[in-house]
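Participant: Sharing entry.txt (compact mmCIF, C-alpha atoms and all ligand atoms) below.
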```txt
# COMPACT_ATOMS: atom_id res chain seq x y z
CA MET X 125 191.31 45.58 245.24
CA THR X 126 188.72 45.89 242.47
CA TYR X 127 188.70 48.52 239.76
CA PHE X 128 186.15 50.56 241.67
CA ASP X 129 187.92 50.18 245.07
CA ALA X 130 191.09 51.50 243.47
CA GLN X 131 189.22 54.55 242.22
CA TYR X 132 187.62 55.07 245.62
CA THR X 133 190.97 55.76 247.27
CA ILE X 134 191.24 58.78 245.03
CA HIS X 135 187.61 59.73 245.48
CA THR X 136 187.77 59.93 249.28
CA GLU X 137 190.28 62.78 249.00
CA TYR X 138 187.29 65.04 248.41
CA THR X 139 186.44 64.76 252.10
CA THR X 140 189.78 66.26 253.07
CA LEU X 141 189.41 69.08 250.56
CA ILE X 142 186.08 70.14 252.02
CA GLY X 143 186.83 70.68 255.66
CA ASN X 144 184.75 73.71 256.65
CA ILE X 145 181.24 72.83 255.78
CA SER X 146 180.39 69.47 257.29
CA MET X 147 177.00 68.69 258.80
CA LYS X 148 174.85 71.12 256.86
CA THR X 149 171.33 70.34 255.73
CA ILE X 150 171.23 70.68 251.95
CA LEU X 151 168.16 70.55 249.75
CA VAL X 152 168.99 68.96 246.39
CA VAL X 153 166.25 69.73 243.91
CA GLY X 154 166.45 67.25 241.04
CA GLY X 155 168.62 64.89 243.08
CA ALA X 156 167.40 61.83 241.15
CA GLY X 157 168.90 63.00 237.86
CA TYR X 158 172.35 62.42 236.41
CA ILE X 159 174.25 65.30 238.03
CA GLY X 160 171.96 65.55 241.06
CA SER X 161 172.39 61.89 242.03
CA HIS X 162 176.19 62.13 241.85
CA MET X 163 175.96 65.29 243.96
CA VAL X 164 173.81 63.56 246.59
CA LYS X 165 176.37 60.78 246.84
CA MET X 166 179.21 63.25 247.36
CA LEU X 167 177.24 65.27 249.92
CA LEU X 168 176.54 62.09 251.88
CA GLU X 169 180.20 61.11 251.71
CA THR X 170 181.14 64.51 253.10
CA GLU X 171 178.66 64.00 255.95
CA HIS X 172 175.89 66.37 255.06
CA HIS X 173 172.25 65.82 255.74
CA VAL X 174 170.62 65.62 252.32
CA VAL X 175 166.99 66.10 251.33
CA VAL X 176 166.09 65.36 247.71
CA PHE X 177 163.04 66.96 246.11
CA ASP X 178 162.23 65.46 242.71
CA ASN X 179 159.16 64.73 240.58
CA LEU X 180 160.92 61.77 238.88
CA SER X 181 159.92 63.12 235.46
CA THR X 182 163.40 62.40 234.13
CA GLY X 183 165.20 61.04 237.21
CA TYR X 184 165.32 57.64 238.88
CA ARG X 185 164.40 56.95 242.50
CA ASP X 186 167.04 54.22 242.76
CA ALA X 187 169.76 56.71 241.80
CA VAL X 188 169.25 58.50 245.12
CA LEU X 189 171.67 56.60 247.33
CA GLY X 190 170.67 58.12 250.67
CA GLY X 191 169.18 61.04 252.58
CA ASP X 192 165.48 61.89 252.69
CA PHE X 193 163.47 61.70 249.48
CA VAL X 194 160.48 64.00 248.98
CA PHE X 195 158.43 63.37 245.85
CA GLY X 196 157.17 66.72 244.60
CA ASP X 197 157.00 69.21 241.78
CA LEU X 198 158.41 72.73 241.65
CA ALA X 199 155.23 73.88 239.90
CA ASP X 200 153.33 73.15 243.11
CA ARG X 201 153.97 76.09 245.44
CA ALA X 202 152.01 74.47 248.29
CA SER X 203 154.24 71.40 248.34
CA LEU X 204 157.30 73.66 248.30
CA ALA X 205 155.91 75.55 251.29
CA ARG X 206 155.41 72.24 253.14
CA LEU X 207 158.95 71.18 252.25
CA PHE X 208 160.47 74.37 253.60
CA SER X 209 158.41 74.24 256.78
CA GLY X 210 159.49 70.64 257.40
CA TYR X 211 163.24 71.30 257.32
CA GLN X 212 165.65 74.09 258.17
CA PHE X 213 167.90 74.13 255.10
CA ASP X 214 171.36 75.68 255.16
CA GLY X 215 171.61 75.67 251.39
CA VAL X 216 169.81 74.66 248.21
CA MET X 217 171.21 73.14 245.01
CA HIS X 218 168.99 73.17 241.94
CA PHE X 219 169.47 70.53 239.24
CA ALA X 220 165.86 70.14 238.11
CA SER X 221 165.76 71.61 234.66
CA PHE X 222 165.21 70.48 231.11
CA ILE X 223 168.46 70.34 229.19
CA GLN X 224 167.91 69.51 225.53
CA VAL X 225 168.94 72.33 223.24
CA GLY X 226 167.04 71.00 220.20
CA GLU X 227 163.85 70.36 222.14
CA SER X 228 164.01 73.87 223.61
CA ILE X 229 163.82 75.35 220.12
CA ILE X 230 160.72 73.31 219.23
CA GLN X 231 159.03 73.64 222.64
CA PRO X 232 160.23 76.87 224.24
CA ASP X 233 157.14 76.98 226.50
CA LYS X 234 158.34 73.81 228.25
CA TYR X 235 161.71 75.42 228.96
CA TYR X 236 160.45 78.80 230.15
CA GLN X 237 157.76 77.14 232.26
CA ASN X 238 160.07 74.69 234.00
CA ASN X 239 163.49 76.31 233.93
CA VAL X 240 162.29 79.84 234.66
CA ALA X 241 158.81 79.86 236.27
CA CYS X 242 159.39 76.77 238.44
CA THR X 243 162.79 78.08 239.53
CA LEU X 244 161.06 81.30 240.62
CA ASN X 245 158.73 79.22 242.79
CA LEU X 246 161.78 77.66 244.42
CA LEU X 247 163.49 81.02 244.97
CA ASP X 248 160.33 82.50 246.46
CA ALA X 249 159.98 79.55 248.84
CA MET X 250 163.58 80.15 249.90
CA VAL X 251 162.98 83.85 250.50
CA THR X 252 159.84 83.12 252.54
CA ALA X 253 161.69 80.55 254.65
CA ASN X 254 164.73 82.81 255.00
CA VAL X 255 167.07 80.29 253.33
CA ASN X 256 169.68 82.35 251.51
CA HIS X 257 172.38 80.12 250.03
CA PHE X 258 171.69 78.86 246.52
CA ILE X 259 173.78 76.96 244.00
CA PHE X 260 172.44 77.20 240.48
CA SER X 261 173.23 74.81 237.63
CA SER X 262 173.93 77.16 234.75
CA THR X 263 175.48 76.36 231.41
CA ALA X 264 177.95 77.34 228.71
CA ALA X 265 174.88 77.77 226.50
CA ILE X 266 174.35 81.25 228.04
CA PHE X 267 177.27 82.52 225.94
CA GLY X 268 175.95 81.56 222.52
CA GLU X 269 178.36 81.60 219.59
CA PRO X 270 181.73 82.45 221.18
CA GLN X 271 183.35 85.75 220.31
CA TYR X 272 186.63 84.38 221.66
CA THR X 273 187.91 81.17 223.24
CA PRO X 274 188.51 80.00 225.85
CA ILE X 275 185.36 81.55 227.28
CA ASP X 276 185.79 83.39 230.56
CA GLU X 277 183.06 84.62 232.90
CA GLN X 278 183.02 88.11 231.33
CA HIS X 279 182.32 86.83 227.83
CA PRO X 280 179.14 88.45 226.39
CA LYS X 281 175.94 86.48 227.03
CA ASN X 282 174.04 85.94 223.77
CA PRO X 283 172.27 82.57 224.08
CA ILE X 284 171.16 81.17 220.73
CA ASN X 285 168.51 78.78 222.02
CA PRO X 286 165.69 78.91 224.62
CA TYR X 287 167.56 76.47 226.90
CA GLY X 288 170.53 78.84 227.20
CA LEU X 289 168.25 81.86 227.51
CA SER X 290 166.22 80.23 230.29
CA LYS X 291 169.43 79.75 232.30
CA TRP X 292 170.67 83.28 231.60
CA MET X 293 167.30 84.68 232.70
CA ILE X 294 167.69 82.97 236.07
CA GLU X 295 171.27 84.23 236.46
CA GLN X 296 169.96 87.78 236.03
CA ILE X 297 166.99 87.18 238.34
CA LEU X 298 169.44 85.90 240.97
CA ALA X 299 171.35 89.20 240.84
CA ASP X 300 168.07 91.01 241.57
CA TYR X 301 167.18 88.57 244.40
CA ASP X 302 170.57 89.21 245.97
CA ARG X 303 170.01 92.99 245.89
CA ALA X 304 166.42 92.83 247.11
CA TYR X 305 166.36 89.82 249.45
CA GLN X 306 170.05 89.13 250.19
CA LEU X 307 169.69 85.68 248.63
CA LYS X 308 173.32 84.73 247.91
CA SER X 309 173.97 82.44 244.97
CA VAL X 310 176.75 80.79 243.03
CA CYS X 311 175.99 80.14 239.36
CA LEU X 312 178.08 77.27 238.00
CA ARG X 313 178.25 77.30 234.24
CA TYR X 314 178.81 73.73 233.18
CA PHE X 315 180.51 72.99 229.93
CA ASN X 316 179.94 69.31 229.01
CA ALA X 317 179.32 67.14 232.07
CA ALA X 318 180.40 63.57 231.35
CA GLY X 319 181.63 60.33 232.90
CA ALA X 320 180.23 58.52 235.90
CA ASP X 321 180.80 57.67 239.53
CA PRO X 322 184.37 56.29 239.81
CA MET X 323 183.03 53.74 242.34
CA GLY X 324 180.59 52.48 239.72
CA GLN X 325 177.41 53.02 241.73
CA LEU X 326 175.81 55.59 239.42
CA ARG X 327 175.79 56.30 235.73
CA GLU X 328 174.47 58.74 233.17
CA ARG X 329 170.87 57.78 232.41
CA HIS X 330 168.64 59.93 230.22
CA ASN X 331 165.52 58.83 228.41
CA PRO X 332 165.73 59.56 225.57
CA GLU X 333 169.52 59.82 225.62
CA THR X 334 170.76 62.77 223.59
CA HIS X 335 174.31 63.27 224.89
CA LEU X 336 177.29 62.37 222.79
CA ILE X 337 179.35 60.13 225.09
CA PRO X 338 176.54 57.79 226.27
CA LEU X 339 175.26 57.52 222.68
CA VAL X 340 178.74 56.66 221.40
CA LEU X 341 179.05 53.99 224.10
CA GLN X 342 175.64 52.56 223.23
CA ALA X 343 176.87 52.25 219.64
CA ALA X 344 180.00 50.49 220.95
CA LYS X 345 177.77 48.04 222.85
CA GLY X 346 175.73 47.36 219.74
CA GLN X 347 172.67 48.83 221.46
CA ARG X 348 172.29 51.29 218.59
CA GLU X 349 173.31 50.87 214.99
CA ASN X 350 175.66 53.85 214.81
CA ILE X 351 176.43 57.30 216.10
CA THR X 352 175.29 60.20 213.98
CA ILE X 353 177.72 63.11 213.83
CA PHE X 354 175.70 66.30 213.72
CA GLY X 355 177.55 68.13 210.95
CA GLN X 356 181.14 67.96 209.74
CA ASP X 357 181.22 71.34 208.01
CA TYR X 358 182.01 73.50 211.04
CA ASP X 359 184.98 75.85 211.11
CA THR X 360 187.10 73.47 213.23
CA PRO X 361 190.14 71.35 212.26
CA ASP X 362 188.12 68.19 211.47
CA GLY X 363 184.84 69.99 210.75
CA THR X 364 183.00 68.63 213.81
CA CYS X 365 181.95 70.56 216.91
CA ILE X 366 184.39 71.05 219.74
CA ARG X 367 183.34 70.74 223.38
CA ASP X 368 185.03 70.82 226.79
CA TYR X 369 184.17 67.64 228.71
CA ILE X 370 184.31 67.71 232.49
CA HIS X 371 184.09 64.71 234.82
CA ILE X 372 180.91 64.53 236.85
CA ASN X 373 182.84 64.15 240.12
CA ASP X 374 184.96 67.22 239.42
CA LEU X 375 181.75 69.09 238.70
CA CYS X 376 180.25 67.94 242.00
CA GLN X 377 183.43 68.83 243.85
CA ALA X 378 183.05 72.40 242.54
CA HIS X 379 179.54 72.48 244.07
CA LEU X 380 180.92 71.55 247.50
CA LEU X 381 183.52 74.29 247.18
CA ALA X 382 180.85 76.74 246.03
CA LEU X 383 178.83 75.97 249.17
CA ASP X 384 181.93 76.64 251.23
CA TYR X 385 182.41 79.91 249.33
CA LEU X 386 178.83 81.01 250.08
CA PHE X 387 179.07 80.18 253.78
CA THR X 388 182.48 81.83 254.09
CA TYR X 389 182.06 85.02 252.04
CA GLN X 390 178.26 85.51 252.02
CA SER X 391 178.49 86.90 248.51
CA SER X 392 177.26 85.85 245.09
CA ALA X 393 179.45 84.77 242.17
CA SER X 394 179.49 82.95 238.84
CA PHE X 395 182.09 80.44 237.69
CA ASN X 396 182.75 78.57 234.45
CA LEU X 397 183.46 74.87 234.94
CA GLY X 398 185.44 73.01 232.31
CA ASN X 399 188.88 71.56 231.69
CA SER X 400 189.90 74.21 229.14
CA ALA X 401 190.61 71.46 226.62
CA GLY X 402 188.45 71.09 223.54
CA PHE X 403 187.69 67.76 221.83
CA SER X 404 185.85 67.40 218.55
CA VAL X 405 183.03 64.91 218.08
CA LYS X 406 185.36 62.79 215.92
CA GLN X 407 188.06 62.85 218.61
CA VAL X 408 185.53 61.72 221.23
CA ILE X 409 184.55 58.79 219.01
CA ASP X 410 188.23 57.87 218.44
CA ILE X 411 188.98 57.89 222.18
CA ALA X 412 185.83 55.84 222.83
CA LYS X 413 187.09 53.27 220.30
CA GLN X 414 190.37 53.00 222.25
CA VAL X 415 188.63 52.71 225.62
CA THR X 416 186.07 50.12 224.54
CA ALA X 417 188.17 48.25 221.98
CA LYS X 418 184.97 48.04 219.91
CA SER X 419 184.13 49.32 216.47
CA ILE X 420 181.78 52.30 216.48
CA PRO X 421 179.93 52.80 213.19
CA VAL X 422 179.55 56.47 212.28
CA HIS X 423 176.89 58.19 210.20
CA ILE X 424 177.39 61.79 209.08
CA GLY X 425 174.20 63.77 209.57
CA ALA X 426 173.05 67.36 209.32
CA ARG X 427 173.94 70.04 211.82
CA ARG X 428 171.79 70.17 214.95
CA GLU X 429 170.11 73.56 215.29
CA GLY X 430 171.44 75.68 218.15
CA ASP X 431 174.91 74.09 218.30
CA PRO X 432 177.85 76.54 218.50
CA ALA X 433 180.99 75.24 216.74
CA ARG X 434 183.31 75.49 219.72
CA LEU X 435 182.72 75.77 223.47
CA VAL X 436 185.83 75.68 225.65
CA ALA X 437 186.01 77.11 229.16
CA ASP X 438 188.46 79.41 230.79
CA ALA X 439 187.98 78.09 234.34
CA LYS X 440 190.83 79.94 236.06
CA LEU X 441 188.42 81.86 238.26
CA ALA X 442 187.00 78.67 239.80
CA ARG X 443 190.51 77.31 240.29
CA ASN X 444 191.67 80.51 241.98
CA GLN X 445 188.62 81.58 243.98
CA LEU X 446 187.13 78.19 244.87
CA ASN X 447 190.47 76.41 244.99
CA TRP X 448 188.92 73.93 242.59
CA GLN X 449 191.32 71.19 241.52
CA PRO X 450 189.73 68.84 239.00
CA GLN X 451 191.12 65.32 239.32
CA TYR X 452 189.84 63.45 236.28
CA THR X 453 190.88 65.82 233.52
CA ASP X 454 191.89 63.17 230.99
CA LEU X 455 189.07 62.50 228.50
CA LYS X 456 190.11 58.85 228.30
CA THR X 457 189.48 58.46 232.04
CA ILE X 458 186.14 60.26 231.77
CA ILE X 459 185.04 57.91 228.99
CA ALA X 460 186.48 54.87 230.84
CA HIS X 461 184.31 55.63 233.88
CA ALA X 462 181.27 56.08 231.65
CA TRP X 463 182.05 52.79 229.89
CA ALA X 464 182.56 50.87 233.16
CA THR X 465 179.13 51.88 234.41
CA GLU X 466 177.42 51.62 231.02
CA GLN X 467 178.24 47.93 231.02
CA GLN X 468 176.68 47.23 234.42
CA VAL X 469 173.27 45.74 233.83
CA ASN X 470 171.94 46.64 237.27
CA LEU X 471 172.43 50.42 236.96
N1 LIG V 1 176.49 65.26 218.98
C1 LIG V 1 176.55 64.50 217.84
N2 LIG V 1 175.74 63.40 217.77
C2 LIG V 1 174.89 63.03 218.77
C3 LIG V 1 174.85 63.82 219.94
C4 LIG V 1 175.67 64.93 220.01
O1 LIG V 1 177.29 64.79 216.91
O2 LIG V 1 174.18 62.03 218.60
C5 LIG V 1 177.36 66.44 219.10
C6 LIG V 1 176.60 67.74 219.31
O3 LIG V 1 176.23 68.32 218.09
C7 LIG V 1 177.64 68.58 220.07
C8 LIG V 1 178.44 67.53 220.86
O4 LIG V 1 178.18 66.28 220.23
O5 LIG V 1 178.51 69.21 219.18
C9 LIG V 1 178.02 67.43 222.31
O6 LIG V 1 176.60 67.32 222.35
P1 LIG V 1 175.82 66.95 223.66
O7 LIG V 1 174.36 66.84 223.30
O8 LIG V 1 176.45 65.77 224.33
O9 LIG V 1 176.07 68.20 224.62
P2 LIG V 1 175.81 69.78 224.39
O10 LIG V 1 177.08 70.32 223.83
O11 LIG V 1 174.62 69.96 223.51
O12 LIG V 1 175.58 70.28 225.80
```
Can I see the file as structure tokens?

Facilitator:
Amino acid sequence: MTYFDAQYTIHTEYTTLIGNISMKTILVVGGAGYIGSHMVKMLLETEHHVVVFDNLSTGYRDAVLGGDFVFGDLADRASLARLFSGYQFDGVMHFASFIQVGESIIQPDKYYQNNVACTLNLLDAMVTANVNHFIFSSTAAIFGEPQYTPIDEQHPKNPINPYGLSKWMIEQILADYDRAYQLKSVCLRYFNAAGADPMGQLRERHNPETHLIPLVLQAAKGQRENITIFGQDYDTPDGTCIRDYIHINDLCQAHLLALDYLFTYQSSASFNLGNSAGFSVKQVIDIAKQVTAKSIPVHIGARREGDPARLVADAKLARNQLNWQPQYTDLKTIIAHAWATEQQVNL
């Protein structure tokens, strides 16, 4: 049994967890991206019919491991209308947004145009086609600088960058669309998605890469000179920012459960998704050193604008209401999966 086969035995347990919702037709918008492509794989493994809609602006066609692929852009309402007349979707998952906090401060227009206006096009196409189950990729960035930790769903929403605000705008729009059009949605507020397919078929690929774990692993590989720590003067034990890292497969599992929730209860909800364990940037680098057995040169840089010091989730609601049971909660395992796929030249 290979490393990846061994992991697969664990992975297939997802199919037994998700018993009620097989054979649905699910539209995955942004299915060629990092989270979307892992989601498509899990939907296929749980025997759904998957249709991916993606403009490949940041995604990769070869990351879509199955289902139908429709090349198209959310800005184009006519192509959305064609898409919705070509299929009868049971549910829609939306992963197609821009995600860089720093960029959103410099180019807010890009974020409001894509993350808000284009999402409205998608919602309107759903309403017109009478498709009323929607899973929205939201973010911990809607909370802004935490007033308390861990952060539960009720925590005040004060986003401190346009990225977070664009996501919070859609959450509020979704509440209005539920009232007016009975469009039922689950907003999943991701903390820090990380890791990669335990079977080794997919990995995290962004261009340019801005996320901590892939950058640290590139430094371990010698592909970049060092990793820059964005500030070590935060009010945290080692001075670097603390984040809650969640394995990509656990994140995707929560989406399957959220679909089940929508079909079962026909009501909208929001859930925080994290492991409720915070790791500082320095701790992430230390664990990456252990996993890779490589030296990782570090450069201390300035703070990155828009970064709260500490983001850790209270995810009890998802555990209780979705029966979500994350399986890869150990950061070492998350980084090991990322490292295993980072080293594969063909991914
Ligand atoms: N970070 C860092 N150096 C990098 C990239 C990220 O120090 O090259 C820090 C960043 O400031 C944050 C944490 O790592 O505190 C996680 O950042 P990432 O961009 O991965 O995710 P985010 O928290 O912005 O969603």

Participant: What residues of the protein or nucleic acid chains come within 10 Å of ligand LIG 1 (chain V) when you use all atoms listed in the file? Reply as a PyMOL selection string.

Facilitator: chain X and resi 223-226+263-265+314-318+333-340+350-356+358+364-369+403-406+408-409+422-435

Participant: Using all atoms listed in the file, which of X:Pro450, X:Gly324, X:Gly398, X:Pro270 sits nearest X:Asp438?

Facilitator: X:Gly398

Participant: Point out the residue among X:Val164, X:Glu328, X:Pro283, X:Ser262 with the least atom-to-atom distance to X:Thr182, counting only C-alpha atoms.

Facilitator: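 The closest residue to X:Thr182 is X:Glu328.
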
Participant: Rank nothing, just name the residue among X:Leu207, X:Met163, X:Ile229, X:Val216 nearest to X:Thr149, using only C-alpha atoms.

Facilitator: X:Val216

Participant: Near X:Ile266, within 9 Å and counting all atoms listed in the file, which residues show up once chain neighbours fewer than 2 positions away are dropped, as a PDB file with C-alpha atoms, in the coordinates of the input?

Facilitator:
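In the end it all went to result07.pdb:
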```pdb
ATOM      1  CA  SER X 262     173.930  77.160 234.750  1.00  0.00           C
ATOM      2  CA  THR X 263     175.480  76.360 231.410  1.00  0.00           C
ATOM      3  CA  ALA X 264     177.950  77.340 228.710  1.00  0.00           C
ATOM      4  CA  GLY X 268     175.950  81.560 222.520  1.00  0.00           C
ATOM      5  CA  PRO X 280     179.140  88.450 226.390  1.00  0.00           C
ATOM      6  CA  LYS X 281     175.940  86.480 227.030  1.00  0.00           C
ATOM      7  CA  ASN X 282     174.040  85.940 223.770  1.00  0.00           C
ATOM      8  CA  PRO X 283     172.270  82.570 224.080  1.00  0.00           C
ATOM      9  CA  ILE X 284     171.160  81.170 220.730  1.00  0.00           C
ATOM     10  CA  ASN X 285     168.510  78.780 222.020  1.00  0.00           C
ATOM     11  CA  TYR X 287     167.560  76.470 226.900  1.00  0.00           C
ATOM     12  CA  GLY X 288     170.530  78.840 227.200  1.00  0.00           C
ATOM     13  CA  LEU X 289     168.250  81.860 227.510  1.00  0.00           C
ATOM     14  CA  SER X 290     166.220  80.230 230.290  1.00  0.00           C
ATOM     15  CA  LYS X 291     169.430  79.750 232.300  1.00  0.00           C
ATOM     16  CA  TRP X 292     170.670  83.280 231.600  1.00  0.00           C
ATOM     17  CA  ARG X 313     178.250  77.300 234.240  1.00  0.00           C
TER      18      ARG X 313
END
```
